[in-house]
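K.L.:
Okay, handing you the structure first.
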Amino acid sequence: TEECSLVSLSARFCKVLNESPNKFTMDTVKLTNVKSSYDVNFTNAAYIYVSCRVTSLDEKSSDNYPKCPWIRVFAHNGIQGLARDGQPLRQEVVHYPYNSTTYSTAYQEPAAVSVQGIARFPTVMIPFDRVHVRTISSTPSPPVQVHLHSVPAEFCLAMSYIESLIETANSGQCPTSILLYCAEAMCKVLVRVDLVPPIKELLFHSLAEIIRLVPTATPALVFPSTKLKPFQSELLSLFSHELKANGVSKKKEVSSLKDLRISTYFQGLVELVFALREIVPDTMASPKSDPGVAEEEAEETKSSPLVKRSKSGSERSGLTKRRKLRVKQRGRDSSKSLPDPESDPGQVGPWFEMALTCNLILRNLVDKHPRGAEGVKQSLSQLRDALATCTSTARLVVICGLPTFYSRERVEATIRRLCCPYGGVVEGEIFVPSHHFPQPPSSKDEQLCKGVAVLQLNCLEKIKEVVEILQENKFLKGDVSGNNADNNRAYCVVTLGPDLICSSDNSALISSAVELYATHKLLSHDNKLNPSTETVLTTIFTSCPGKSPLSKAAYSNTSEENLLCSFTSHYEEDLVGTINSIYRDYGEKESPDKDELYLSCPRFLAWCQEVASSHPLVLLKCILATGHDLQYNLLYPTESDYLNKLNKLCSRDVDTTIVNYINKLCRVRGVSSNRIFPQEILLTTSDKSDPALEPLFAVPIEYLRLRFAFLQVINTSVSKHLLPAISLSTVDFTPHSIGSVLLRGRSFLFYDVKLGYLNFVINSTDRRSGDSVPPEIIFDPLTFVYQTERELDNTITMVAKHQLSRTPSSELCVKLAAGGDPIFPFNVKLTGENVAGTSGSFRYFIWLVAQELQSSSLPVLIECPSASAGENKGKYLLTPKNIDYHDEALLLFFGNLLGVAMRSDVPFAVDCLRPFWARILGEKIDFQVDLRQSDIITHNFLKNLKSLSSESEFKEQVVKLCPTHFSNEECCPGCPYKFSYASLDGRDVELRAGSPLITWANLSQFIECVKELRREELSAKNMIPLIQCGLGAVVPLEPLRLMGPDDLQLRVCGQQEIDIGFIKLHTIYQVGISQSDKHIEYFWNVLEGLSQEDLRKLIKFACNQERIPFSCPCQENGPEASHVPPYPMKIAPAEGRDDRLIRSETCMFMIKLPQYSSEAVMKERILQAINCRDDPLSG
């Protein structure tokens, strides 16, 4: 009965969909040689969509556009007034071609014709049932048509009803038949009516959500998927149009959609077709409506598999015969796995299949979708094969020709210091042999180096920079005055190939150094195997199936687990002959009466020791061939059931910790996440002492590397294939959409992937035209020096708000600041200052506003109460209050400033706690965690009250603070046991009228009242929407939701801790200065000894901001890689020596450094400069 009533109710609501196209009327306006002006009425229309279609206009030239618009569309503004000529008052809504600034900063689809990012023929919605159209006479008539589509009010009601059904179905309370009925009605209106694209997008998203809600076990899946075949064909043909709109002519040249502007209509269509493929795999069969496109796509699928298949054994270098045989026998179908992140675009299949596979795998990770399980399994299997090749040797650097009068310790310290900014050396180990190697030096005189050094870098991406800096270092070259350098030395720095071979003029010397390094890795000083080598060789021996001692048959077993066979096959090509030789020399008989020889582990180690003594490099290569790196860690899991073990080890918490760990590595090494190789993952001693990485401690390193490789491929595929093709604007009412899955699985995404997508959207929503004059803020900086407390109207924030009050928000929407003279949302002019550039004054303004917002001068932020208890000092929350009109304007401007900081990429150091950033993203607060962080006093107070188990305990505690609480006498002043409590800003708030006393009976009610008070204050429901509105006017809010609260804080506020290594990595030296100069070494030595407070002062002195962005876009190797503000820091020469002061040019982030004679003088001058930077009398 209930289902029948729902069917009847659904039929009434969906009547407008079933009776289409009668309800959806439209009109077309064509240009003729006659001028016209008339009204267009649509009865019972809720709103009207106005769109313009251009048929054959030249898209590349703006000379075709007239000086005046061809067509103007007006709306009656609802006020029944008359103009002077007696005509009703009208308001112009849009004109074509549109040649002024746009109305909104929301992400728009790329128009067919656009100039300066402004759509010439936009689609607009008018919330009236009547419009007025005016056209001009034109000869010849331009190829332009204006379409007016009406949307009936019943359609809005029907869509609201369907959305409520979807929300009900998510909780399992809506019958499947009702959902299918609504889907049938939406299919009818999509097929029968020529709807305007925004309405079709809405239907696409709603229909896709219903498809995903229908249980996949429904018999025959009673869903009219055949009726949606035209839209599948449309997706194939529209793909070519999208590429053409982005300047890409051939589909086969495109393996990803990264950095392409995709229309929202295409995104909605993708959502619908993907939903069909998730439940019915063959719905993308060759469409009859467009056989040419289908045939071309089928040919692409046939010729180019979805992913780059694993290389065969003959194509791989360094693979063992056993691994080659296993790869050859496996012969997997790679159509359900993700591509290699570095695969050749020409070998990658169609974008659609790659994006669909990524979608299914992501759904399996986030929601355990069964269709993605096979893709996860096969992707991990392919990655495991890819990890079999050891790349550790590619990170080896050999230095030859070092001065032999240097001590080993000094050489090691110099090399370690030079490599530190580029990711450092693996485990800090640098091999510098002495003259008596391999014997240990017995005296100080024997500590001198032998002239060579071998080191392994942590980061392969930075090996070229390291080689250059080592090659140019004067100390290592011996070009130091006062030392007798050997002019006959051939100093060189080289890297090694996969076989530990280097083709160089000094190949003999390099080979000798590598032999010494191999001996150092294998043997101890007494010429015996060192413990780590003995351990790994024992592991290799015991991996062979069978009991020890081993027979020849067991030794020769080519199973996957047998590493011993792989080890021996790399000793000599003749595997059988090698085994016979080992057994002949080191084999033992199990009993005297048997002739068969067996090999025990001690005898195997004895053979290895003999090989290590005579041919150490050969033995080291054999160990590497078994899937170990130079630290003897496994490169990949060797167990046969590794997939089950991986699923047990790598939970969601482990994956999130891996992502956070990689974000940290990216920051330290200055590279993006796709530039880190899985074999570079190695937890150091400092990592193992970090409690944030504790979930990784129980995961073996080989599983950690495999899981990171999998997450790396997921991130690459998401950024290339999925993110550009989906919409995040509908996630609130479509919890099963791809965008919603991405939001729930954002913890799998690396920070640079999220940041890259956000920056792309920011650059795509540039709204300022090229000839527009930037807004300007003018103030006198001397007015605000040393004035920590100011009146509200005298603050720089209010001055700026008033000066920008008439500036439309579209004028603040510029691309990310880049180049030597970046364009900011507005310019800042300091009166009385002779400033050449705009960067320094703009950064000073942002820093000054952040200081004011965190002071009592502005009623916006307050320091959290936990600061008074010694926790979270310097952290702020929104001031809880009832806001008025002036507060609304200030909060809107605060939101504008957050967006301005993102577009300018200047850290806006408002150190708010996590609840603030979570609410900005529209998320709910984690009350228990956030309460403890923001107000630990209240947290402990409520915890103490909850711990009371009896009324006697309660009375005993209350009487200690208020002896008269339970008597008839008046309660003590300030008694905390009343139904009132202090707000975050210190005001006394009544929790109940009259603030009655707390008793044991109403204690639980008091606790809940206090919780509710704090929950409302932390949520700030009356203030957050205003800040969101101001932020959304400058930066689209949808891509921000992909970032978590911590990510958003990093993007806006920058990194609070100053990393000297990161700054050193992004420093260039002007002509006449090199990094090895003495005064430059003094400079960096002084900086390494400064406190964080002094480092922030130094950054403020150099570029007028105390913080630097969390990451630098140069790590992406983009077009602006060499110059991204404020990077790089520049060090330029200055005249004079000890008598001159340090100078800076804040616009260029340049420090002019005199050649001071000592490190003490350098430190004195630096401290003098950074402590006098804000003194107006210091010059």
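Naming works like this for the structure tokens: A, B, ... for the chains as they're shown, residue 1 at the start of each chain, ligands 1 onward in shown order.
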Could you pull the residues within 6 Å of Gly895 of chain A, counting only C-alpha atoms, minus those fewer than 5 positions along the same chain, as a PyMOL selection string?

P.N.:
chain A and resi 1027+1030-1031

K.L.:
Residues near Val196 of chain A, anyone? I mean within 10 Å using only C-alpha atoms, not counting same-chain ones fewer than 2 positions away, as a PDB file with C-alpha atoms, in the first residue's frame.

P.N.:
ATOM      1  CA  MET A  26      11.032  27.813 -26.717  1.00  0.00           C
ATOM      2  CA  ILE A  48      13.929  31.476 -18.951  1.00  0.00           C
ATOM      3  CA  TYR A  49      17.291  30.418 -20.305  1.00  0.00           C
ATOM      4  CA  VAL A  50      18.823  32.678 -22.922  1.00  0.00           C
ATOM      5  CA  SER A  51      21.536  31.151 -25.104  1.00  0.00           C
ATOM      6  CA  THR A 123      24.100  31.367 -21.397  1.00  0.00           C
ATOM      7  CA  HIS A 147      17.280  30.738 -28.237  1.00  0.00           C
ATOM      8  CA  LEU A 148      14.833  31.347 -25.403  1.00  0.00           C
ATOM      9  CA  HIS A 149      13.995  28.184 -23.443  1.00  0.00           C
ATOM     10  CA  SER A 150      11.269  28.236 -20.818  1.00  0.00           C
ATOM     11  CA  VAL A 151      11.353  26.004 -17.769  1.00  0.00           C
ATOM     12  CA  VAL A 193      12.810  17.682 -25.651  1.00  0.00           C
ATOM     13  CA  ASP A 194      15.591  19.919 -26.961  1.00  0.00           C
ATOM     14  CA  PRO A 198      22.183  23.464 -17.914  1.00  0.00           C
ATOM     15  CA  ILE A 199      18.875  21.603 -17.536  1.00  0.00           C
ATOM     16  CA  LYS A 200      20.292  18.535 -19.246  1.00  0.00           C
ATOM     17  CA  GLU A 201      23.293  18.634 -16.913  1.00  0.00           C
TER      18      GLU A 201
END

K.L.:
Env of segment 1133-1150 of chain A: 6 Å cut, atoms = only C-alpha atoms, seq-sep filter 3 positions within chain, self excluded. Answer as a list in words.

P.N.:
Gly837, Ser839, Gly840, Ala1102, Cys1103, Asn1104, Met1129, Lys1130, Leu1153, Pro1154, Gln1155 and Tyr1156 of chain A

K.L.:
Give me a file of those residues, with C-alpha atoms, as a CSV table (one decimal), in the first residue's frame.

P.N.:
chain,number,residue,atom,x,y,z
A,837,GLY,CA,57.9,47.4,-7.9
A,839,SER,CA,55.6,42.9,-4.9
A,840,GLY,CA,57.2,44.2,-1.7
A,1102,ALA,CA,64.2,40.1,2.4
A,1103,CYS,CA,60.7,39.9,0.9
A,1104,ASN,CA,58.3,41.6,3.3
A,1129,MET,CA,65.9,34.1,-3.4
A,1130,LYS,CA,68.7,36.0,-4.9
A,1153,LEU,CA,75.6,40.7,0.8
A,1154,PRO,CA,79.0,42.4,1.3
A,1155,GLN,CA,82.1,40.1,1.5
A,1156,TYR,CA,82.4,40.0,5.3

K.L.:
Quick one: distance from atom CA of Arg363 of chain A to atom CA of Gly375 of chain A in Å, one decimal?

P.N.:
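Between these atoms lies a distance of 10.9 Å.
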
K.L.:
Would you please extract all alpha helix (DSSP H) residues from segment 335-532 of chain A, as assigned by DSSP on the backbone, and give them as an MDAnalysis selection string?

P.N.:
chainID A and resid 351:367 373:386 408:419 463:472 474:477 507:522 531:532

K.L.:
For those residues, write C-alpha atoms to a file as a PDB file, in the first residue's frame.

P.N.:
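See selection.pdb below for the written result:
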ATOM      1  CA  TRP A 351      40.980   8.347 -22.441  1.00  0.00           C
ATOM      2  CA  PHE A 352      37.502   7.018 -21.664  1.00  0.00           C
ATOM      3  CA  GLU A 353      38.652   3.523 -20.691  1.00  0.00           C
ATOM      4  CA  MET A 354      41.490   4.887 -18.579  1.00  0.00           C
ATOM      5  CA  ALA A 355      39.203   7.279 -16.712  1.00  0.00           C
ATOM      6  CA  LEU A 356      36.603   4.544 -16.200  1.00  0.00           C
ATOM      7  CA  THR A 357      39.203   2.154 -14.782  1.00  0.00           C
ATOM      8  CA  CYS A 358      40.481   4.844 -12.426  1.00  0.00           C
ATOM      9  CA  ASN A 359      36.901   5.516 -11.319  1.00  0.00           C
ATOM     10  CA  LEU A 360      36.253   1.845 -10.530  1.00  0.00           C
ATOM     11  CA  ILE A 361      39.516   1.395  -8.636  1.00  0.00           C
ATOM     12  CA  LEU A 362      38.888   4.550  -6.633  1.00  0.00           C
ATOM     13  CA  ARG A 363      35.393   3.330  -5.760  1.00  0.00           C
ATOM     14  CA  ASN A 364      36.865   0.048  -4.584  1.00  0.00           C
ATOM     15  CA  LEU A 365      39.350   1.852  -2.331  1.00  0.00           C
ATOM     16  CA  VAL A 366      36.779   4.236  -0.869  1.00  0.00           C
ATOM     17  CA  ASP A 367      33.496   2.294  -0.895  1.00  0.00           C
ATOM     18  CA  ALA A 373      38.584  -5.250  -7.062  1.00  0.00           C
ATOM     19  CA  GLU A 374      39.996  -6.933 -10.161  1.00  0.00           C
ATOM     20  CA  GLY A 375      41.533  -3.672 -11.347  1.00  0.00           C
ATOM     21  CA  VAL A 376      43.245  -3.168  -7.993  1.00  0.00           C
ATOM     22  CA  LYS A 377      44.595  -6.709  -8.057  1.00  0.00           C
ATOM     23  CA  GLN A 378      46.019  -6.485 -11.563  1.00  0.00           C
ATOM     24  CA  SER A 379      47.453  -3.005 -11.028  1.00  0.00           C
ATOM     25  CA  LEU A 380      49.326  -4.216  -7.965  1.00  0.00           C
ATOM     26  CA  SER A 381      50.569  -7.232  -9.887  1.00  0.00           C
ATOM     27  CA  GLN A 382      51.924  -5.058 -12.700  1.00  0.00           C
ATOM     28  CA  LEU A 383      53.547  -2.679 -10.260  1.00  0.00           C
ATOM     29  CA  ARG A 384      55.181  -5.578  -8.456  1.00  0.00           C
ATOM     30  CA  ASP A 385      56.788  -6.640 -11.730  1.00  0.00           C
ATOM     31  CA  ALA A 386      57.907  -3.079 -12.407  1.00  0.00           C
ATOM     32  CA  ARG A 408      88.008  11.696   5.885  1.00  0.00           C
ATOM     33  CA  GLU A 409      85.755  13.416   8.426  1.00  0.00           C
ATOM     34  CA  ARG A 410      86.100  16.805   6.747  1.00  0.00           C
ATOM     35  CA  VAL A 411      85.379  15.397   3.302  1.00  0.00           C
ATOM     36  CA  GLU A 412      82.305  13.534   4.587  1.00  0.00           C
ATOM     37  CA  ALA A 413      80.984  16.643   6.369  1.00  0.00           C
ATOM     38  CA  THR A 414      81.432  18.793   3.262  1.00  0.00           C
ATOM     39  CA  ILE A 415      79.686  16.322   0.969  1.00  0.00           C
ATOM     40  CA  ARG A 416      76.854  15.803   3.450  1.00  0.00           C
ATOM     41  CA  ARG A 417      76.319  19.575   3.778  1.00  0.00           C
ATOM     42  CA  LEU A 418      76.241  20.068   0.017  1.00  0.00           C
ATOM     43  CA  CYS A 419      73.775  17.211  -0.559  1.00  0.00           C
ATOM     44  CA  ILE A 463      71.166  13.910  -9.078  1.00  0.00           C
ATOM     45  CA  LYS A 464      72.122  16.355 -11.833  1.00  0.00           C
ATOM     46  CA  GLU A 465      72.046  19.319  -9.457  1.00  0.00           C
ATOM     47  CA  VAL A 466      74.106  17.398  -6.912  1.00  0.00           C
ATOM     48  CA  VAL A 467      76.720  16.454  -9.514  1.00  0.00           C
ATOM     49  CA  GLU A 468      76.981  20.097 -10.615  1.00  0.00           C
ATOM     50  CA  ILE A 469      77.359  21.465  -7.101  1.00  0.00           C
ATOM     51  CA  LEU A 470      79.938  18.814  -6.185  1.00  0.00           C
ATOM     52  CA  GLN A 471      81.804  19.477  -9.404  1.00  0.00           C
ATOM     53  CA  GLU A 472      81.981  23.230  -8.742  1.00  0.00           C
ATOM     54  CA  LYS A 474      86.318  24.683  -4.578  1.00  0.00           C
ATOM     55  CA  PHE A 475      87.130  22.808  -1.386  1.00  0.00           C
ATOM     56  CA  LEU A 476      86.614  19.361  -2.884  1.00  0.00           C
ATOM     57  CA  LYS A 477      88.571  20.369  -5.972  1.00  0.00           C
ATOM     58  CA  SER A 507      86.989   4.752 -16.057  1.00  0.00           C
ATOM     59  CA  ALA A 508      89.868   2.827 -14.474  1.00  0.00           C
ATOM     60  CA  LEU A 509      89.955   5.093 -11.436  1.00  0.00           C
ATOM     61  CA  ILE A 510      86.164   5.022 -11.148  1.00  0.00           C
ATOM     62  CA  SER A 511      86.050   1.238 -11.438  1.00  0.00           C
ATOM     63  CA  SER A 512      88.648   1.003  -8.687  1.00  0.00           C
ATOM     64  CA  ALA A 513      86.511   3.257  -6.454  1.00  0.00           C
ATOM     65  CA  VAL A 514      83.417   1.121  -7.137  1.00  0.00           C
ATOM     66  CA  GLU A 515      85.360  -2.042  -6.281  1.00  0.00           C
ATOM     67  CA  LEU A 516      86.384  -0.463  -2.980  1.00  0.00           C
ATOM     68  CA  TYR A 517      82.750   0.499  -2.326  1.00  0.00           C
ATOM     69  CA  ALA A 518      81.573  -3.055  -3.035  1.00  0.00           C
ATOM     70  CA  THR A 519      84.214  -4.412  -0.675  1.00  0.00           C
ATOM     71  CA  HIS A 520      83.055  -1.957   1.976  1.00  0.00           C
ATOM     72  CA  LYS A 521      79.424  -3.095   1.553  1.00  0.00           C
ATOM     73  CA  LEU A 522      80.259  -6.802   1.736  1.00  0.00           C
ATOM     74  CA  PRO A 531      76.677  -9.094   9.619  1.00  0.00           C
ATOM     75  CA  SER A 532      74.242  -7.355   7.234  1.00  0.00           C
TER      76      SER A 532
END

K.L.:
For a quick check of understanding, using only C-alpha atoms, which of A:Leu630, A:Val270, A:Cys666, A:Ala725 has the smallest distance to Lys462 of chain A?

P.N.:
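The answer is A:Cys666, which sits nearest to Lys462 of chain A.
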
K.L.:
List every residue of segment 1011-1136 of chain A that DSSP, applied to the backbone, labels as strand (DSSP E or B), and write the result as a list in words.

P.N.:
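So, restricting segment 1011-1136 of chain A to strand (DSSP E or B), we get Gln1055, Thr1067, Ile1068, Tyr1069, Ile1108, Met1129, Lys1130, Ile1131, Ala1132 and Pro1133 of chain A.
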
K.L.:
Can you write just those residues out, N, CA, C and O atoms, as a PDB file, in the first residue's frame?

P.N.:
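Written out: out-v5.pdb:
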ATOM      1  N   GLN A1055      53.860  27.765   5.222  1.00  0.00           N
ATOM      2  CA  GLN A1055      54.516  26.941   6.228  1.00  0.00           C
ATOM      3  C   GLN A1055      55.021  27.810   7.368  1.00  0.00           C
ATOM      4  O   GLN A1055      55.735  28.781   7.149  1.00  0.00           O
ATOM      5  N   THR A1067      67.606  29.165  -4.300  1.00  0.00           N
ATOM      6  CA  THR A1067      68.424  30.381  -4.257  1.00  0.00           C
ATOM      7  C   THR A1067      69.323  30.403  -5.487  1.00  0.00           C
ATOM      8  O   THR A1067      69.892  29.379  -5.872  1.00  0.00           O
ATOM      9  N   ILE A1068      69.424  31.577  -6.103  1.00  0.00           N
ATOM     10  CA  ILE A1068      70.350  31.749  -7.216  1.00  0.00           C
ATOM     11  C   ILE A1068      71.337  32.842  -6.837  1.00  0.00           C
ATOM     12  O   ILE A1068      71.026  33.730  -6.036  1.00  0.00           O
ATOM     13  N   TYR A1069      72.508  32.771  -7.440  1.00  0.00           N
ATOM     14  CA  TYR A1069      73.582  33.705  -7.118  1.00  0.00           C
ATOM     15  C   TYR A1069      73.874  34.556  -8.350  1.00  0.00           C
ATOM     16  O   TYR A1069      74.024  34.042  -9.465  1.00  0.00           O
ATOM     17  N   ILE A1108      56.901  31.552   3.851  1.00  0.00           N
ATOM     18  CA  ILE A1108      57.034  31.207   2.450  1.00  0.00           C
ATOM     19  C   ILE A1108      55.987  30.156   2.120  1.00  0.00           C
ATOM     20  O   ILE A1108      55.523  29.423   2.994  1.00  0.00           O
ATOM     21  N   MET A1129      65.149  33.073  -4.116  1.00  0.00           N
ATOM     22  CA  MET A1129      65.869  34.109  -3.387  1.00  0.00           C
ATOM     23  C   MET A1129      67.181  34.383  -4.117  1.00  0.00           C
ATOM     24  O   MET A1129      67.839  33.461  -4.590  1.00  0.00           O
ATOM     25  N   LYS A1130      67.515  35.649  -4.206  1.00  0.00           N
ATOM     26  CA  LYS A1130      68.717  36.035  -4.941  1.00  0.00           C
ATOM     27  C   LYS A1130      69.718  36.648  -3.975  1.00  0.00           C
ATOM     28  O   LYS A1130      69.346  37.438  -3.112  1.00  0.00           O
ATOM     29  N   ILE A1131      70.960  36.269  -4.128  1.00  0.00           N
ATOM     30  CA  ILE A1131      72.055  36.861  -3.366  1.00  0.00           C
ATOM     31  C   ILE A1131      72.946  37.593  -4.359  1.00  0.00           C
ATOM     32  O   ILE A1131      73.486  36.979  -5.291  1.00  0.00           O
ATOM     33  N   ALA A1132      73.058  38.894  -4.165  1.00  0.00           N
ATOM     34  CA  ALA A1132      73.807  39.740  -5.089  1.00  0.00           C
ATOM     35  C   ALA A1132      75.002  40.349  -4.372  1.00  0.00           C
ATOM     36  O   ALA A1132      75.001  40.498  -3.146  1.00  0.00           O
ATOM     37  N   PRO A1133      76.041  40.713  -5.106  1.00  0.00           N
ATOM     38  CA  PRO A1133      77.201  41.348  -4.466  1.00  0.00           C
ATOM     39  C   PRO A1133      76.889  42.772  -4.046  1.00  0.00           C
ATOM     40  O   PRO A1133      76.005  43.427  -4.593  1.00  0.00           O
TER      41      PRO A1133
END

K.L.:
Give me the residues within 12 Å of Ala698 of chain A as a list in words, counting only C-alpha atoms and dropping any in the same chain fewer than 4 places off.

P.N.:
Leu646, Lys648, Leu649, Cys650, Ser651, Val654, Leu683, Lys688, Leu693, Glu694, Glu702, Tyr703 and Leu704 of chain A

K.L.:
Keeping only N, CA and C atoms, write those residues as an mmCIF file, in the first residue's frame.

P.N.:
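The new file part_10.cif reads:
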data_model
loop_
_atom_site.group_PDB
_atom_site.id
_atom_site.type_symbol
_atom_site.label_atom_id
_atom_site.label_comp_id
_atom_site.auth_asym_id
_atom_site.auth_seq_id
_atom_site.Cartn_x
_atom_site.Cartn_y
_atom_site.Cartn_z
ATOM 1 N N LEU A 646 49.084 -7.716 1.828
ATOM 2 C CA LEU A 646 49.041 -6.270 1.616
ATOM 3 C C LEU A 646 47.710 -5.686 2.085
ATOM 4 N N LYS A 648 45.846 -6.801 4.452
ATOM 5 C CA LYS A 648 45.804 -6.799 5.915
ATOM 6 C C LYS A 648 46.692 -5.705 6.501
ATOM 7 N N LEU A 649 47.835 -5.450 5.866
ATOM 8 C CA LEU A 649 48.786 -4.477 6.411
ATOM 9 C C LEU A 649 48.363 -3.037 6.140
ATOM 10 N N CYS A 650 47.855 -2.779 4.942
ATOM 11 C CA CYS A 650 47.614 -1.402 4.501
ATOM 12 C C CYS A 650 46.149 -1.036 4.664
ATOM 13 N N SER A 651 45.827 -0.518 5.819
ATOM 14 C CA SER A 651 44.486 -0.027 6.086
ATOM 15 C C SER A 651 44.359 1.408 5.577
ATOM 16 N N VAL A 654 46.887 3.575 7.244
ATOM 17 C CA VAL A 654 48.237 3.427 6.693
ATOM 18 C C VAL A 654 48.369 4.208 5.397
ATOM 19 N N LEU A 683 62.467 4.447 5.614
ATOM 20 C CA LEU A 683 62.255 5.141 6.882
ATOM 21 C C LEU A 683 63.583 5.304 7.604
ATOM 22 N N LYS A 688 61.492 7.092 12.232
ATOM 23 C CA LYS A 688 60.996 6.089 13.175
ATOM 24 C C LYS A 688 60.746 6.658 14.563
ATOM 25 N N LEU A 693 54.133 8.964 12.135
ATOM 26 C CA LEU A 693 54.379 7.883 11.178
ATOM 27 C C LEU A 693 54.265 6.510 11.816
ATOM 28 N N GLU A 694 53.738 6.429 13.008
ATOM 29 C CA GLU A 694 53.666 5.157 13.731
ATOM 30 C C GLU A 694 52.916 4.064 12.972
ATOM 31 N N GLU A 702 59.176 -3.497 1.841
ATOM 32 C CA GLU A 702 58.803 -3.883 0.474
ATOM 33 C C GLU A 702 57.318 -3.676 0.222
ATOM 34 N N TYR A 703 56.486 -3.891 1.236
ATOM 35 C CA TYR A 703 55.052 -3.627 1.093
ATOM 36 C C TYR A 703 54.770 -2.132 1.095
ATOM 37 N N LEU A 704 55.554 -1.398 1.843
ATOM 38 C CA LEU A 704 55.405 0.050 1.855
ATOM 39 C C LEU A 704 55.698 0.632 0.472
#

K.L.:
Mind checking which residues fall within 8 Å of Ser747 of chain A, counting only C-alpha atoms, ignoring those fewer than 6 positions away in the same chain, and posting them as a CSV table (one decimal) with N, CA, C and O atoms, in the first residue's frame?

P.N.:
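Output saved as selection-v4.csv:
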chain,number,residue,atom,x,y,z
A,655,ASP,N,47.4,4.1,4.5
A,655,ASP,CA,47.4,4.9,3.3
A,655,ASP,C,47.5,6.4,3.5
A,655,ASP,O,48.2,7.1,2.9
A,656,THR,N,46.7,6.9,4.5
A,656,THR,CA,46.7,8.3,4.8
A,656,THR,C,48.1,8.7,5.3
A,656,THR,O,48.6,9.8,5.0
A,659,VAL,N,50.5,9.0,2.5
A,659,VAL,CA,50.3,10.2,1.7
A,659,VAL,C,51.0,11.4,2.5
A,659,VAL,O,51.7,12.2,1.9

K.L.:
Interatomic distance between atom CA of Ser8 of chain A and atom CA of Phe733 of chain A?

P.N.:
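So the two atoms, atom CA of Ser8 of chain A and atom CA of Phe733 of chain A, lie 23.9 Å apart.
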
K.L.:
Check the smallest atom-to-atom distance from each of A:Met1043, A:Ile883, A:Leu455, A:Leu742 to Ala918 of chain A using only C-alpha atoms, then report the winner.

P.N.:
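Closest candidate: A:Met1043.
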
K.L.:
Determine, counting only C-alpha atoms, which protein, DNA and RNA residues have an atom within 12 Å of an atom of segment 211-214 of chain A; residues of the same chain fewer than 6 positions away are not included. Present the result as a VMD selection string.

P.N.:
chain A and resid 165 to 184 186 to 187 204 to 205 220 to 225 228 271 to 280 363 369 734 to 738
